[in-house]
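Each remark here refers to the structure printed beneath this line.
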Amino acid sequence: MRAATRLILFVLTAWLFAAPVHAQSTPKLIGDYRAWEALIYKEGGSDVCYMSSSPDKWTSEPKNVRRGDIYILVTHRPGRGVKDEVSIYTGYTYKQGSDVTLEVDGQDFELFTDGDTAWARDAETDKKLVQAMIRGNKMVIRGTSSRGTLTIDTYSLSGFTAARNAINKACKVR
């Protein structure tokens, strides 16, 4: 169920940001790689490949807060020259003007927020973040909701490299 939910949310999110004249196909699963899934779909005639993971429900804090789906994506859009774009979806709206801290095995990255999503500020930060995720074991994401609630989500990086290799191959990205 978690895969299907993330798939639907990704399609809806991508659809909102895609140009209206571009046709988009339904994502197809490339494979499951421990804590990560790899998928591919067509957007305006070009392949888009992405990988996704969610924190284990027992690792998200605080436990007493209602949230929507929580997940992270790493996306390749070779038709647009995009590689390793990291986006985080938290299941709530972030506090306006707040930043998110993403920690990989003690190395911190600061991401900006907009609505319910957080991104790296530039492609160079995405590149450094993905390299840390390849070498890492655990990722912790801290953010603040519009109501002022601090949330902490812990992700496993088990299978990250295999999923990334799969999307690299599927989208012919080096």
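Within each chain, counting starts at residue 1; across the structure tokens, chains are named A, B, ... in the order shown, with ligands numbered 1 upward in that order.
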
Handout entry: strand (DSSP E) per DSSP on the backbone: members of range 77-166 of chain A, as a PyMOL selection string
Key = chain A and resi 77+82-89+99-104+107-114+117-119+138-144+150-156

Using DSSP secondary structure from the backbone, list all helix (DSSP H, G or I) positions within range 62-130 of chain A, as a ChimeraX atom specification.
/A:78-80,123-130

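With only C-alpha atoms as the basis for measurement, A:Lys138 is the residue among A:Lys42, A:Arg34, A:Lys138, A:Arg66 that approaches Gly106 in chain A most closely.
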
Show me, as an MDAnalysis selection string, the residues that have an atom within 12 Å of Lys57 in chain A when counting only C-alpha atoms, minus same-chain residues fewer than 3 positions from it.
chainID A and resid 2 53:54 60:71 152:155

How about saving the chosen residues, C-alpha atoms kept, as a short mmCIF file (atom, residue, chain, number, x, y, z; two decimals), in the first residue's frame?
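Listing of out_33.cif after writing:
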```cif
data_model
loop_
_atom_site.label_atom_id
_atom_site.label_comp_id
_atom_site.auth_asym_id
_atom_site.auth_seq_id
_atom_site.Cartn_x
_atom_site.Cartn_y
_atom_site.Cartn_z
CA ARG A 2 2.80 2.48 0.77
CA SER A 53 11.44 5.68 0.36
CA SER A 54 9.38 6.32 3.47
CA SER A 60 8.61 9.26 12.86
CA GLU A 61 8.23 11.63 15.80
CA PRO A 62 6.17 12.90 17.48
CA LYS A 63 3.85 9.90 17.40
CA ASN A 64 0.68 11.79 18.36
CA VAL A 65 0.59 14.09 15.29
CA ARG A 66 -1.70 13.46 12.31
CA ARG A 67 0.22 13.63 9.04
CA GLY A 68 -0.30 12.61 5.47
CA ASP A 69 2.13 10.45 3.54
CA ILE A 70 5.80 10.98 4.33
CA TYR A 71 8.43 10.16 1.69
CA ILE A 152 11.85 13.97 13.07
CA ASP A 153 11.73 11.24 10.41
CA THR A 154 14.38 8.53 10.19
CA TYR A 155 15.02 6.70 6.92
#
```

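Each of A:Val130, A:Glu124, A:Arg174, A:Ile167 was compared to Leu29 in chain A using only C-alpha atoms, and A:Ile167 turns out to be the nearest.
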
Using only C-alpha atoms, which residues sit within 9 Å of Thr161 in chain A once same-chain residues fewer than 6 positions away are excluded, as an mmCIF file with C-alpha atoms, in the first residue's frame?
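The resulting file, around.cif, is shown below:
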```cif
data_model
loop_
_atom_site.group_PDB
_atom_site.id
_atom_site.type_symbol
_atom_site.label_atom_id
_atom_site.label_comp_id
_atom_site.auth_asym_id
_atom_site.auth_seq_id
_atom_site.Cartn_x
_atom_site.Cartn_y
_atom_site.Cartn_z
ATOM 1 C CA TYR A 33 15.698 -2.447 -3.274
ATOM 2 C CA MET A 133 23.352 8.959 0.926
ATOM 3 C CA ILE A 134 25.354 6.453 -1.148
ATOM 4 C CA ARG A 135 27.972 6.216 1.626
#
```

Which neighbours of Gln96 in chain A fall inside 12 Å, counting only C-alpha atoms, when residues of the same chain fewer than 5 positions from it are skipped, and could you give them as number ranges by chain? A: 112-118, 143-148

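CA of Gln24 in chain A sits 7.8 Å away from CA of Gly45 in chain A.
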
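Pairwise distance (CA of Met51 in chain A, CA of Thr149 in chain A) equals 27.8 Å.
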
Query - Close residues, Pro27 in chain A itself excluded, 7 Å, only C-alpha atoms, min 5 positions apart in chain, as a list in words - result: Leu39, Ile40 and Tyr41 of chain A

Would you list the contacts of range 73-79 of chain A as a ChimeraX atom specification, taking every protein, DNA or RNA residue within 10 Å and counting only C-alpha atoms, but skipping same-chain residues closer than 5 positions in sequence?
-> /A:6,10,36-40,42-54,84-89,126,130,160,163-164,167-168,170-173
